[in-house]
There are 2 protein chains.
Amino acid sequence: MSKIASLRAHLKSLNLDGFILPHGDPYRSEYVAPAFARLEWLTGFSGSFGEAVILKDQAVLFVDGRYTIQAKKQAKEFSILHHGDNPPMEWIARQAGEGARIGYDPWLHTRAGLDRYKKALQEKNIALVALEKNPVDSLWQDRPLPPVSPLAPQDLKYAGQNSTEKRAMLATQIKKRGVKAVLLTQTDSIAWLLNMRGGDVEFNPIALCYALLHHDETVDLYIDPRKITPAIKKHFGNAVAVYPEADLPRNLAAFKGKKIQIDPQNAPAKIPDHLRQAGADIVLADDPCLLPKACKNKAEQKGMREAHIRDGVAYAKFLHWLADQDVSKLNEISTAEKLQRFRAESKLYRGDSFATICGFGANGAIVHYRAEAKSAHRLAKNNLLLLDSGAQYLDGTTDITRTFALGKPTTEQRDRFTRVLKGHIALARAQFPVSTSGSQLDSLARQYLWEAGLDYDHGTGHGVGAYLCVHEGPQRISKIPNRVALLPGMVISNEPGYYKAGAYGIRIENLVMVQNVKGKKGFLEFETLTLAPIDRNLIDAKMLTKAERDWLNAYHARVYRELHKKLDKKEQAWLKKSTAAI
Amino acid sequence: MSKIASLRAHLKSLNLDGFILPHGDPYRSEYVAPAFARLEWLTGFSGSFGEAVILKDQAVLFVDGRYTIQAKKQAKEFSILHHGDNPPMEWIARQAGEGARIGYDPWLHTRAGLDRYKKALQEKNIALVALEKNPVDSLWQDRPLPPVSPLAPQDLKYAGQNSTEKRAMLATQIKKRGVKAVLLTQTDSIAWLLNMRGGDVEFNPIALCYALLHHDETVDLYIDPRKITPAIKKHFGNAVAVYPEADLPRNLAAFKGKKIQIDPQNAPAKIPDHLRQAGADIVLADDPCLLPKACKNKAEQKGMREAHIRDGVAYAKFLHWLADQDVSKLNEISTAEKLQRFRAESKLYRGDSFATICGFGANGAIVHYRAEAKSAHRLAKNNLLLLDSGAQYLDGTTDITRTFALGKPTTEQRDRFTRVLKGHIALARAQFPVSTSGSQLDSLARQYLWEAGLDYDHGTGHGVGAYLCVHEGPQRISKIPNRVALLPGMVISNEPGYYKAGAYGIRIENLVMVQNVKGKKGFLEFETLTLAPIDRNLIDAKMLTKAERDWLNAYHARVYRELHKKLDKKEQAWLKKSTAAI
């Protein structure tokens with residue numbers, strides 16, 4: 001029996017007419033551990049965003065534009081629909097019969113997400129049924145076990161503030177609101193609060209867990225106890241009590257009649273269900289760790305700077321190596337691996353911060369491209385190479401994109417690259433009043449592309465953690481309205497691009513850190529952290545204003561100044577040339 | 001007995017512990033007719049924003065930052081509090097006793113506004129009581145009658161689309177949603193839909209009324225029948241039935257069990273109260289006239305262009321006159337009146353579009369300054385004059401701000417003016433993809449002030465009607481997030497500024513109209529409508545890029561080209577000089 005048929009038989013035994021299965025785990029991790037790759041098990045689709053709906057007579061996989069082709073290849077037994085054009089809830093409302101019962105796993109949805117579903121479904125009297133157990137788990141024979149990577153304390157020298165102080169600060173806030181405890185459901189918030197790092201998912205040094213921060217500053221950590229090492233036990237001291245995750249419902253029951261805070265953007269729907277059942281007084285508010293985690297303290301700022309110098313040295317060595325190669329003997333994967341090896345030479349390196357995007361020519365125009373071993377493109381001296389990569393170091397996280405001309409670029413490529421660069425510089429040079437959000441700055445990065453009737457279909461900047469997730473909120477620079485003010489210490493990417501489908505892709509990405517402008521009270525600006533040459537062959541200097549040229553030359557001079565001492569003579573000479581003034 | 005004492009006695013007779021009285025009328029007009037100036041009658045305060053709360057032992061007037069000084073002068077029997085720092089609802093929650101009953105006039109609040117109140121009050125078990133009659137009306141002996149200005153048809157040559165077509169278009173939309181009728185509660189929407197203009201309030205050519213647009217394309221107009229002239233009766237034909245406003249509740253009762261649409265941003269709370277009582281099925285949605293009204297059709301675009309040429313001629317004549325004056329003999333009011341007289345020479349002139357702001361020196365730094373006869377400042381050759389004014393013509397509405405140096409400007413003034421001008425030009429030259437909102441463009445206008453640690457504390461642009469309100473939505477250019485995409489035909493102001501408190505104010509305002517960019521599919525830009533010289537004495541040409549200088553010179557050349565034929569020789573010579581290339 002096929003997986004779909006087995007699932008349908010199982011759903012029938014549960015008196016259900018259908019089932020919704022989104023990509024994701026109960027922790028809303030960006031990268032999902034194999035144990036939670038249920039969508040891939042069921043459909044074959046391995047992308048990072050998707051949602052399957054299985055009805056009695058239809059099986060549909062909803063994905064977004066990036067994944068339509070991949071989904072069609074991988075999920076052959078499913079019809080593929082576009083998530084935006086065909087929202088799953090509206091599709092269900094049309095396709096499922098009046099009065100149908102559709103099951104869902106309440107650990108994989110937020111209450112807000114379900115409410116949007118319910119609204120669309122109520123007209124057809126379709127019921128959403130929360131299931132105690134995910135039906136896939138009943139069928140998946142060889143389901144991998146959840147990860148149990150050991151926890152490690154994050155050294156105070158990098159964390160900059162001990163957990164006791166962090167907990168005291170947050171407890172003071174919640175006590176003011178009469179709240180007895182906050183349930184933290186975002187794993188990087190818990191890692192930040194407890195100054196601990198884990199290894200349960202790829203690229204993000206976090207542990208899968210939940211945590212209750214009590215108003216008395218103690219924490220209950222709900223986690224597989226096998227992750228607790230002697231070092232972390234000592235680090236926790238008496239302030240952190242460890243429970244298996246299975247204990248969470250019972251302990252939440254103790255909040256009967258008491259105020260407990262959860263973040264509706266993040267908490268799985270099962271959490272408020274438990275709390276309501278327990279008769280708790282639920283307070284909805286943003287995760288209180290978000291802002292202090294986003295605003296790096298002095299030690300974290302220092303760590304981020306040093307990580308970027310280290311990353312810049314590895315990057316310069318890699319570029320020097322690349323400049324010497326017969327590129328026709330390289331492909332997208334071998335090139336990316338070489339860069340990783342340079343980074344791994346550092347003792348503080350702990351892995352990449354995301355899956356490297358190394359796209360040659362037309363592949364560079366696929367924004368979320370990931371080369372596969374069997375299809376990786378060979379490089380050649382006739383197009384652009386787009387390389388988006390980053391690393392996790394004990395003291396900081398990096399994320400850099402450079403675009404290189406292999407061979408002689410076309411006039412169009414130089415024009416587009418220079419427009420992207422002008423936008424990048426406009427953001428890098430921007431000064432703006434406190435309380436400005438990233439959304440307000442987004443058009444500064446796009447204006448020169450717009451002038452030519454061009455644009456790019458992604459955000460301009462995402463927040464970045466300090467040896468935490470390379471994508472973190474709440475700040476971002478994007479067309480989408482966002483009221484989060486940029487604050488000193490926030491790290492964010494500055495990454496405008498341009499993509500010509502079927503031809504080439506361009507992106508220039510540095511990480512920047514928000515700082516007060518000296519001598520201009522109430523104004524902020526960006527300190528650029530990333531240190532690597534920007535390909536001068538792709539710049540049309542005539543298109544730059546004097547201020548832009550000054551910025552570029554000063555940046556390149558700084559790249560040389562900060563990196564050259566860690567390079568050998570040949571590398572130094574190469575870097576000198578690559579950072580010469582234009 | 002004082003007014004407050006009388007009001008308290010009356011409230012007592014109604015078994016109330018307090019009363020909330022906001023500025024405003026039942027139509028949410030920007031300018032309030034004398035009959036509805038209840039707040040001014042009660043408090044003495046004549047500003048355009050404020051809210052009084054009368055409790056048994058306290059009388060407080062809440063205003064915003066612009067009005068604190070004025071309110072203290074005018075409303076001597078009231079304590080003055082800042083609306084933002086001290087929200088009235090929270091103040092009432094603290095000050096009124098547990099279980100208090102606070103009255104309000106449900107014609108003067110929206111349901112959404114009241115819900116925010118209720119949230120703050122429910123903790124103290126304070127009840128908000130909707131009153132059948134506004135208590136002020138029971139005490140106000142010589143209350144002026146509501147206005148009954150005659151209605152006039154708006155000529156099709158200016159309106160561009162007849163009312164039948166407009167009604168058919170909207171009826172098709174509402175039928176699709178199964179809605180039986182839309183209750184229109186915004187007076188400029190009704191004026192647009194029925195191609196009619198009125199004169200019930202200052203500056204805005206609208207009539208106070210409500211209208212029901214039925215799915216069969218007919219309209220019930222709720223209005224004082226004395227406003228119905230033979231011409232408008234003929235214009236309406238059979239499609240529009242006229243009822244006195246008092247009939248509205250009875251007619252709404254007919255919607256029992258039927259879908260009726262209202263705009264929650266605009267409908268007085270009394271409307272949904274009536275509808276709920278009637279058992280109607282209320283559909284909440286934006287006023288369907290908003291977008292078609294905002295997107296001017298070809299005839300309206302032509303009218304707006306012609307109105308701006310006419311306004312430009314009057315403005316040029318005024319500036320030529322001013323250049324010849326001994327300014328020390330002028331004051332802020334006599335100067336503004338002279339400009340009005342030049343405008344009034346046009347046969348199509350129907351009045352000003354708002355109260356002229358003519359601020360000399362430090363008065364120019366008061367963003368909402370309005371000179372009073374007894375305190376109007378004399379002009380002198382030692383500071384800047386800021387003049388913000390506009391007119392209503394039968395074919396269009398204008399709104400222009402210019403800032404002039406009387407005498408020699410300081411280096412600082414020229415620097416600030418040039419930064420404002422660079423921001424103005426950045427917006428004027430901007431090209432941007434469809435679906436871009438005004439919020440996304442706002443920082444383009446501010447960036448050069450930000451560079452100097454400066455900013456302005458108001459929006460950058462507001463929508464403008466075609467012989468309708470000079471402030472209309474839904475589009476705007478502002479720091480405040482807004483998802484309304486700019487669409488071809490929308491008219492909006494481009495008005496960055498800079499204000500040095502106690503010293504001088506600068507603002508450069510042109511109206512612009514959104515247009516498709518020729519040859520760049522999917523891209524939009526602004527066509528500048530306003531035609532008047534920008535004071536060259538205030539421009540530091542060295543601070544302009546070549547592109548900015550080119551824009552300014554092309555704009556000035558166009559101003560001369562479009563206006564000079566309507567001017568006499570002397571005026572022409574003056575304009576030639578004032579628009580010479582820099």
# chains A, B, ... in the order shown; residues from 1 in each chain; ligands from 1
>>> select_by_dssp(residues="range 420-454 of chain A", states="helix (DSSP H, G or I)", output="VMD selection string")
chain A and resid 420 to 429 438 to 451
>>> interface_residues(of="chain B", to="chain A", cutoff="6 Å", atoms="only C-alpha atoms", output="ChimeraX atom specification")
/B:431-432,440,450-451,453,481,520
>>> write_last_selection(atoms="N, CA, C and O atoms", output="PDB file, in the first residue's frame")
ATOM      1  N   GLN B 431      11.396  56.463  -9.572  1.00  0.00           N
ATOM      2  CA  GLN B 431      10.629  55.477 -10.320  1.00  0.00           C
ATOM      3  C   GLN B 431      10.578  54.248  -9.426  1.00  0.00           C
ATOM      4  O   GLN B 431      11.537  53.945  -8.711  1.00  0.00           O
ATOM      5  N   PHE B 432       9.452  53.551  -9.443  1.00  0.00           N
ATOM      6  CA  PHE B 432       9.270  52.475  -8.464  1.00  0.00           C
ATOM      7  C   PHE B 432       8.287  51.460  -9.030  1.00  0.00           C
ATOM      8  O   PHE B 432       7.418  51.804  -9.838  1.00  0.00           O
ATOM      9  N   GLN B 440       7.004  53.278   1.564  1.00  0.00           N
ATOM     10  CA  GLN B 440       8.290  52.780   1.087  1.00  0.00           C
ATOM     11  C   GLN B 440       9.146  53.894   0.488  1.00  0.00           C
ATOM     12  O   GLN B 440      10.355  53.739   0.375  1.00  0.00           O
ATOM     13  N   TRP B 450      18.558  63.616   7.148  1.00  0.00           N
ATOM     14  CA  TRP B 450      19.094  62.616   8.086  1.00  0.00           C
ATOM     15  C   TRP B 450      20.622  62.665   8.112  1.00  0.00           C
ATOM     16  O   TRP B 450      21.238  62.548   9.166  1.00  0.00           O
ATOM     17  N   GLU B 451      21.209  62.831   6.921  1.00  0.00           N
ATOM     18  CA  GLU B 451      22.671  62.897   6.824  1.00  0.00           C
ATOM     19  C   GLU B 451      23.253  63.981   7.719  1.00  0.00           C
ATOM     20  O   GLU B 451      24.395  63.883   8.169  1.00  0.00           O
ATOM     21  N   GLY B 453      21.751  64.889  10.525  1.00  0.00           N
ATOM     22  CA  GLY B 453      21.186  64.732  11.866  1.00  0.00           C
ATOM     23  C   GLY B 453      19.882  65.489  12.039  1.00  0.00           C
ATOM     24  O   GLY B 453      19.497  65.844  13.157  1.00  0.00           O
ATOM     25  N   PRO B 481       3.734  52.891   8.690  1.00  0.00           N
ATOM     26  CA  PRO B 481       3.519  51.838   7.701  1.00  0.00           C
ATOM     27  C   PRO B 481       2.117  51.913   7.094  1.00  0.00           C
ATOM     28  O   PRO B 481       1.153  52.215   7.786  1.00  0.00           O
ATOM     29  N   LYS B 520       8.850  51.344 -19.469  1.00  0.00           N
ATOM     30  CA  LYS B 520       9.303  50.473 -18.371  1.00  0.00           C
ATOM     31  C   LYS B 520       8.071  49.833 -17.752  1.00  0.00           C
ATOM     32  O   LYS B 520       7.511  50.330 -16.782  1.00  0.00           O
TER      33      LYS B 520
END
>>> select_by_dssp(residues="range 328-533 of chain B", states="strand (DSSP E or B)", output="MDAnalysis selection string")
chainID B and resid 331 349:352 357:360 378 383:389 391:393 396:397 400:406 431:433 437 461:463 472:477 485 490:494 497:500 504:507 509:516 523:528
>>> closest_residue(among="B:Gln70, B:Thr218, B:Asn383, B:Asn195", to="Pro153 in chain B", atoms="only C-alpha atoms")
B:Asn195
>>> residues_around(residues="His368 in chain B", least_positions_apart="6", cutoff="10 Å", atoms="only C-alpha atoms", output="list in words")
Arg66, Tyr67, Ala355, Thr356, Ile357, Cys358, Gly359 and Asp388 of chain B
>>> write_last_selection(atoms="C-alpha atoms", output="mmCIF file, in the first residue's frame")
data_model
loop_
_atom_site.group_PDB
_atom_site.id
_atom_site.type_symbol
_atom_site.label_atom_id
_atom_site.label_comp_id
_atom_site.auth_asym_id
_atom_site.auth_seq_id
_atom_site.Cartn_x
_atom_site.Cartn_y
_atom_site.Cartn_z
ATOM 1 C CA ARG B 66 0.475 71.450 18.337
ATOM 2 C CA TYR B 67 -2.334 72.712 20.523
ATOM 3 C CA ALA B 355 -6.667 77.900 5.730
ATOM 4 C CA THR B 356 -3.482 79.456 4.368
ATOM 5 C CA ILE B 357 -0.406 79.056 6.535
ATOM 6 C CA CYS B 358 1.670 82.193 6.165
ATOM 7 C CA GLY B 359 4.447 82.086 8.724
ATOM 8 C CA ASP B 388 1.355 77.038 2.366
#
>>> residues_around(residues="Asp220 in chain A", least_positions_apart="4", cutoff="6 Å", atoms="only C-alpha atoms", output="PyMOL selection string")
chain A and resi 211-212+240-242
>>> write_last_selection(atoms="C-alpha atoms", output="tab-separated table (two decimals), in the first residue's frame")
chain	number	residue	atom	x	y	z
A	211	ALA	CA	11.62	26.71	28.85
A	212	LEU	CA	9.52	28.31	31.57
A	240	VAL	CA	17.62	25.74	36.14
A	241	ALA	CA	15.54	22.62	36.76
A	242	VAL	CA	15.53	20.06	33.95
>>> residues_around(residues="Ile508 in chain B", least_positions_apart="6", cutoff="10 Å", atoms="only C-alpha atoms", output="count of residues only")
20
>>> residues_around(residues="range 500-504 of chain A", least_positions_apart="2", cutoff="6 Å", atoms="only C-alpha atoms", output="PyMOL selection string")
chain A and resi 361-362+364-365
>>> write_last_selection(atoms="N, CA and C atoms", output="compact mmCIF listing (two decimals), in the first residue's frame")
# COMPACT_ATOMS: atom_id res chain seq x y z
N GLY A 361 26.49 31.37 -13.44
CA GLY A 361 25.65 31.74 -14.58
C GLY A 361 24.18 31.75 -14.19
N ALA A 362 23.38 31.03 -14.98
CA ALA A 362 21.93 31.03 -14.77
C ALA A 362 21.56 30.53 -13.38
N GLY A 364 22.91 31.28 -10.69
CA GLY A 364 23.00 32.43 -9.79
C GLY A 364 21.71 33.22 -9.73
N ALA A 365 20.88 33.04 -10.75
CA ALA A 365 19.60 33.77 -10.79
C ALA A 365 18.52 33.06 -10.00
>>> closest_atom_pairs(of="range 452-485 of chain B", to="range 267-288 of chain B", cutoff="12 Å", atoms="only C-alpha atoms", output="CSV")
residue,atom,partner,partner_atom,distance
B:Gly473,CA,B:Asp287,CA,10.7
B:Pro474,CA,B:Asp286,CA,9.7
B:Val484,CA,B:Asp286,CA,11.9
>>> residues_around(residues="range 187-194 of chain B", least_positions_apart="4", cutoff="9 Å", atoms="only C-alpha atoms", output="number ranges by chain")
B: 27-29, 153-154, 159, 162-164, 166-167, 198, 204-211, 219, 221, 235-236, 240, 287-290, 293, 465, 468-469, 472
>>> write_last_selection(atoms="N, CA, C and O atoms", output="short mmCIF file (atom, residue, chain, number, x, y, z; two decimals), in the first residue's frame")
data_model
loop_
_atom_site.label_atom_id
_atom_site.label_comp_id
_atom_site.auth_asym_id
_atom_site.auth_seq_id
_atom_site.Cartn_x
_atom_site.Cartn_y
_atom_site.Cartn_z
N TYR B 27 -20.04 63.29 10.60
CA TYR B 27 -19.58 62.92 9.25
C TYR B 27 -18.06 62.81 9.21
O TYR B 27 -17.49 62.64 8.15
N ARG B 28 -17.43 62.94 10.36
CA ARG B 28 -15.97 62.94 10.45
C ARG B 28 -15.35 63.94 9.47
O ARG B 28 -14.32 63.67 8.85
N SER B 29 -15.98 65.10 9.34
CA SER B 29 -15.45 66.15 8.48
C SER B 29 -14.13 66.68 9.05
O SER B 29 -13.95 66.75 10.27
N PRO B 153 -24.61 70.04 -9.36
CA PRO B 153 -24.04 68.91 -10.09
C PRO B 153 -22.60 69.24 -10.47
O PRO B 153 -22.27 70.40 -10.72
N GLN B 154 -21.74 68.24 -10.47
CA GLN B 154 -20.38 68.42 -10.98
C GLN B 154 -20.43 68.04 -12.46
O GLN B 154 -20.80 66.92 -12.81
N ALA B 159 -15.91 65.80 -14.17
CA ALA B 159 -16.00 64.53 -13.43
C ALA B 159 -15.48 63.37 -14.27
O ALA B 159 -14.93 62.40 -13.73
N ASN B 162 -19.88 59.47 -15.67
CA ASN B 162 -21.15 59.83 -15.05
C ASN B 162 -21.48 58.93 -13.88
O ASN B 162 -20.92 57.84 -13.72
N SER B 163 -22.38 59.41 -13.07
CA SER B 163 -22.70 58.72 -11.82
C SER B 163 -23.28 57.34 -12.10
O SER B 163 -23.04 56.39 -11.33
N THR B 164 -24.04 57.21 -13.17
CA THR B 164 -24.63 55.90 -13.51
C THR B 164 -23.54 54.85 -13.66
O THR B 164 -23.63 53.75 -13.12
N LYS B 166 -20.47 54.99 -12.48
CA LYS B 166 -19.79 54.77 -11.19
C LYS B 166 -20.62 53.83 -10.33
O LYS B 166 -20.10 52.90 -9.71
N ARG B 167 -21.94 54.08 -10.30
CA ARG B 167 -22.81 53.25 -9.46
C ARG B 167 -22.83 51.81 -9.97
O ARG B 167 -22.80 50.86 -9.19
N GLY B 198 -21.13 70.34 -2.70
CA GLY B 198 -21.91 71.13 -1.75
C GLY B 198 -21.06 72.21 -1.13
O GLY B 198 -19.95 72.47 -1.60
N ASN B 204 -13.89 72.43 1.97
CA ASN B 204 -14.20 71.16 1.30
C ASN B 204 -15.55 71.25 0.63
O ASN B 204 -16.56 71.43 1.31
N PRO B 205 -15.64 71.08 -0.69
CA PRO B 205 -16.92 71.30 -1.40
C PRO B 205 -17.85 70.10 -1.27
O PRO B 205 -18.23 69.51 -2.26
N ILE B 206 -18.19 69.76 -0.05
CA ILE B 206 -19.04 68.60 0.18
C ILE B 206 -20.32 69.01 0.91
O ILE B 206 -20.43 70.12 1.43
N ALA B 207 -21.29 68.09 0.91
CA ALA B 207 -22.53 68.28 1.65
C ALA B 207 -22.56 67.27 2.79
O ALA B 207 -22.15 66.12 2.62
N LEU B 208 -23.05 67.69 3.94
CA LEU B 208 -23.19 66.76 5.05
C LEU B 208 -24.36 65.83 4.74
O LEU B 208 -25.49 66.31 4.53
N CYS B 209 -24.13 64.54 4.70
CA CYS B 209 -25.16 63.58 4.30
C CYS B 209 -24.64 62.16 4.48
O CYS B 209 -23.44 61.95 4.75
N TYR B 210 -25.51 61.20 4.36
CA TYR B 210 -25.15 59.79 4.23
C TYR B 210 -25.81 59.26 2.96
O TYR B 210 -26.74 59.88 2.45
N ALA B 211 -25.34 58.11 2.48
CA ALA B 211 -25.98 57.54 1.30
C ALA B 211 -25.94 56.03 1.36
O ALA B 211 -24.98 55.43 1.84
N VAL B 219 -29.58 54.79 -5.36
CA VAL B 219 -29.01 55.38 -4.15
C VAL B 219 -30.12 56.04 -3.34
O VAL B 219 -31.00 56.71 -3.91
N LEU B 221 -30.30 58.93 -0.68
CA LEU B 221 -29.46 60.00 -0.13
C LEU B 221 -30.14 60.57 1.10
O LEU B 221 -31.28 61.04 1.02
N HIS B 235 -30.36 66.34 -12.22
CA HIS B 235 -29.12 65.56 -12.34
C HIS B 235 -29.30 64.16 -11.75
O HIS B 235 -28.85 63.16 -12.32
N PHE B 236 -29.97 64.06 -10.62
CA PHE B 236 -30.18 62.76 -9.96
C PHE B 236 -31.11 61.86 -10.78
O PHE B 236 -30.94 60.65 -10.79
N VAL B 240 -31.72 58.42 -7.75
CA VAL B 240 -31.41 58.84 -6.38
C VAL B 240 -32.68 59.27 -5.67
O VAL B 240 -33.37 60.20 -6.12
N ASP B 287 -14.59 51.65 2.43
CA ASP B 287 -15.48 52.41 1.56
C ASP B 287 -15.07 52.13 0.09
O ASP B 287 -13.93 52.38 -0.30
N PRO B 288 -15.99 51.59 -0.71
CA PRO B 288 -15.60 51.18 -2.08
C PRO B 288 -15.31 52.37 -3.01
O PRO B 288 -14.79 52.16 -4.10
N CYS B 289 -15.65 53.58 -2.60
CA CYS B 289 -15.35 54.76 -3.43
C CYS B 289 -13.89 55.20 -3.27
O CYS B 289 -13.38 55.95 -4.11
N LEU B 290 -13.24 54.77 -2.19
CA LEU B 290 -11.92 55.35 -1.87
C LEU B 290 -10.94 55.24 -3.03
O LEU B 290 -10.34 56.23 -3.45
N LYS B 293 -12.04 56.99 -6.41
CA LYS B 293 -11.96 58.45 -6.20
C LYS B 293 -10.51 58.91 -6.21
O LYS B 293 -10.17 59.97 -6.74
N GLY B 465 -7.89 65.45 -3.49
CA GLY B 465 -9.05 65.20 -4.34
C GLY B 465 -9.09 66.11 -5.56
O GLY B 465 -8.34 67.07 -5.67
N LEU B 468 -12.28 68.31 -4.60
CA LEU B 468 -12.82 67.65 -3.39
C LEU B 468 -11.88 67.99 -2.24
O LEU B 468 -11.25 69.05 -2.27
N CYS B 469 -11.74 67.11 -1.26
CA CYS B 469 -10.94 67.46 -0.09
C CYS B 469 -9.45 67.52 -0.43
O CYS B 469 -8.95 66.66 -1.15
N GLU B 472 -7.12 63.66 1.24
CA GLU B 472 -7.94 62.46 1.06
C GLU B 472 -7.04 61.23 1.08
O GLU B 472 -5.85 61.29 0.77
#
>>> atom_distance(atom1="CA of Met543 in chain B", atom2="CA of Val434 in chain A")
25.5 Å
>>> closest_residue(among="A:Leu394, A:Ala581, A:Ala130, A:Ala532", to="Thr110 in chain A", atoms="only C-alpha atoms")
A:Ala130
>>> closest_residue(among="B:Ile262, B:Ala254, B:Ala59, B:Ala100", to="Val179 in chain B", atoms="only C-alpha atoms")
B:Ile262
>>> closest_residue(among="A:Leu348, A:Ile228, A:Leu538, A:Ala557", to="Lys408 in chain A", atoms="only C-alpha atoms")
A:Leu538
>>> atom_distance(atom1="CA of Ala231 in chain B", atom2="CA of Glu345 in chain B")
25.8 Å
